[in-house]
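In what follows, a single structure is set out as structure tokens and then discussed.
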Amino acid sequence: MSQLPRLFDPAQIARNLQRRPASDNFVLDLVLDDLADRLGAHMRAFSRAVLIGPDADRLPKTLHTGTGPVNLSVVEALSGTEFPDVPEGPHDLIISLLHLQAVDDVPGHLARLRAQLAPDGLLMAAFIGGESLTELREAFLSADLAISGGASARIAPMVQVRDAGALLQRAGFALPVADVETHVVRYGNPFALMAELKALGAANPLVDRPRRFATRTLLAAAAEAYAQKDADADGRIRATLEIVWIAGWVPHESQQKPLRPGSAKVSMTQMLGDKS
């Protein structure tokens, strides 16, 4: 069996996180607020729940469903190894936050999470989506082409929401759901965006990243291209942040199933009436 190509460098991701200054992570705050709303809509109890994500010390130990509190085992992710050290299952709930965007084999990773879940167990995951930082990606592409005549891998590829549900199905989950939350964040200039990405530990995590620091000439050209295309009237620039959410259940006989073709008791003609 051929080995999957390595896109991400886990050791580099760990170094990025270790070097960042202590500061608020507004992306994690957005995701945690959204998670509280999404989990709160579930009218069931989860007694064996795991929460996986970076910044384990900032992750909650308790969340709530519509029926009451859920106590969580918190597991650190993005620590230099691709699969987190999940406690031995089976669990009835696993939540993964801001980890899947730096995983090479996403279907395989989801399948390993599924193996840790009990029948009728729920997986919820949030990750950075494919339309994130498109403005910065295009600005660096324009600058690279203008200065060196070629393109370099400076922004990591990310999963599109249209593909997310299929990934759950490939991993063996039932009732897959995928949706996206899109945010537009504004900055005084492109350099302020780049500085915040570094502060978030989001520097280039690719194995095939350029090994030299970007030159002042390249950064200036990228900033100019960014401002020309994606600046507002007040001079501030826009940056797209897309958070993809997926959810799927381990198959169980109690779950609803689609009807077999031709098994409906009422025909479409009866529902719509005779239009002839």
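Convention: chains lettered A, B, ... in structure tokens order; per-chain residue numbering from 1; ligands numbered from 1 as shown.
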Residues of range 206-255 of chain A at most 8 Å from range 167-172 of chain A: nearest atom pair and distance in Å, only C-alpha atoms, as a tab-separated table:
residue	atom	partner	partner_atom	distance
A:Ile246	CA	A:Leu168	CA	8.0
A:Ala247	CA	A:Leu168	CA	8.0
A:Gly248	CA	A:Leu168	CA	6.7
A:Val250	CA	A:Gly172	CA	7.3
A:Pro251	CA	A:Gly172	CA	7.9
Save the residues we just selected, N, CA, C and O atoms, as a PDB file, in the first residue's frame?
ATOM      1  N   ILE A 246     -18.685  19.711  11.407  1.00  0.00           N
ATOM      2  CA  ILE A 246     -19.229  18.437  10.960  1.00  0.00           C
ATOM      3  C   ILE A 246     -19.716  17.648  12.168  1.00  0.00           C
ATOM      4  O   ILE A 246     -19.230  17.826  13.288  1.00  0.00           O
ATOM      5  N   ALA A 247     -20.699  16.804  11.925  1.00  0.00           N
ATOM      6  CA  ALA A 247     -21.223  15.937  12.987  1.00  0.00           C
ATOM      7  C   ALA A 247     -21.701  14.637  12.352  1.00  0.00           C
ATOM      8  O   ALA A 247     -22.275  14.642  11.261  1.00  0.00           O
ATOM      9  N   GLY A 248     -21.433  13.538  13.031  1.00  0.00           N
ATOM     10  CA  GLY A 248     -21.870  12.236  12.548  1.00  0.00           C
ATOM     11  C   GLY A 248     -21.989  11.267  13.705  1.00  0.00           C
ATOM     12  O   GLY A 248     -21.365  11.446  14.757  1.00  0.00           O
ATOM     13  N   VAL A 250     -22.065   7.149  15.113  1.00  0.00           N
ATOM     14  CA  VAL A 250     -21.725   5.757  14.855  1.00  0.00           C
ATOM     15  C   VAL A 250     -23.032   5.002  14.620  1.00  0.00           C
ATOM     16  O   VAL A 250     -23.991   5.160  15.383  1.00  0.00           O
ATOM     17  N   PRO A 251     -23.128   4.203  13.550  1.00  0.00           N
ATOM     18  CA  PRO A 251     -24.404   3.539  13.238  1.00  0.00           C
ATOM     19  C   PRO A 251     -24.943   2.712  14.410  1.00  0.00           C
ATOM     20  O   PRO A 251     -24.195   2.083  15.163  1.00  0.00           O
TER      21      PRO A 251
END
- Task: Apply DSSP to the structure's backbone, then extract all residues of range 93-161 of chain A labelled alpha helix (DSSP H) and return them as an NGL selection string.
- Result: :A and (106-115 or 134-147 or 161)
- Task: Report the distance between CA of Arg112 in chain A and CA of Leu51 in chain A in Å, rounded to one decimal place.
- Result: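 Those two atoms sit 15.0 Å apart.
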- Rank A:Asp230, A:Glu138, A:Glu181, A:Glu196 by their smallest atom-to-atom distance to Asp34 in chain A, using only C-alpha atoms, and report the top residue only. A:Glu181
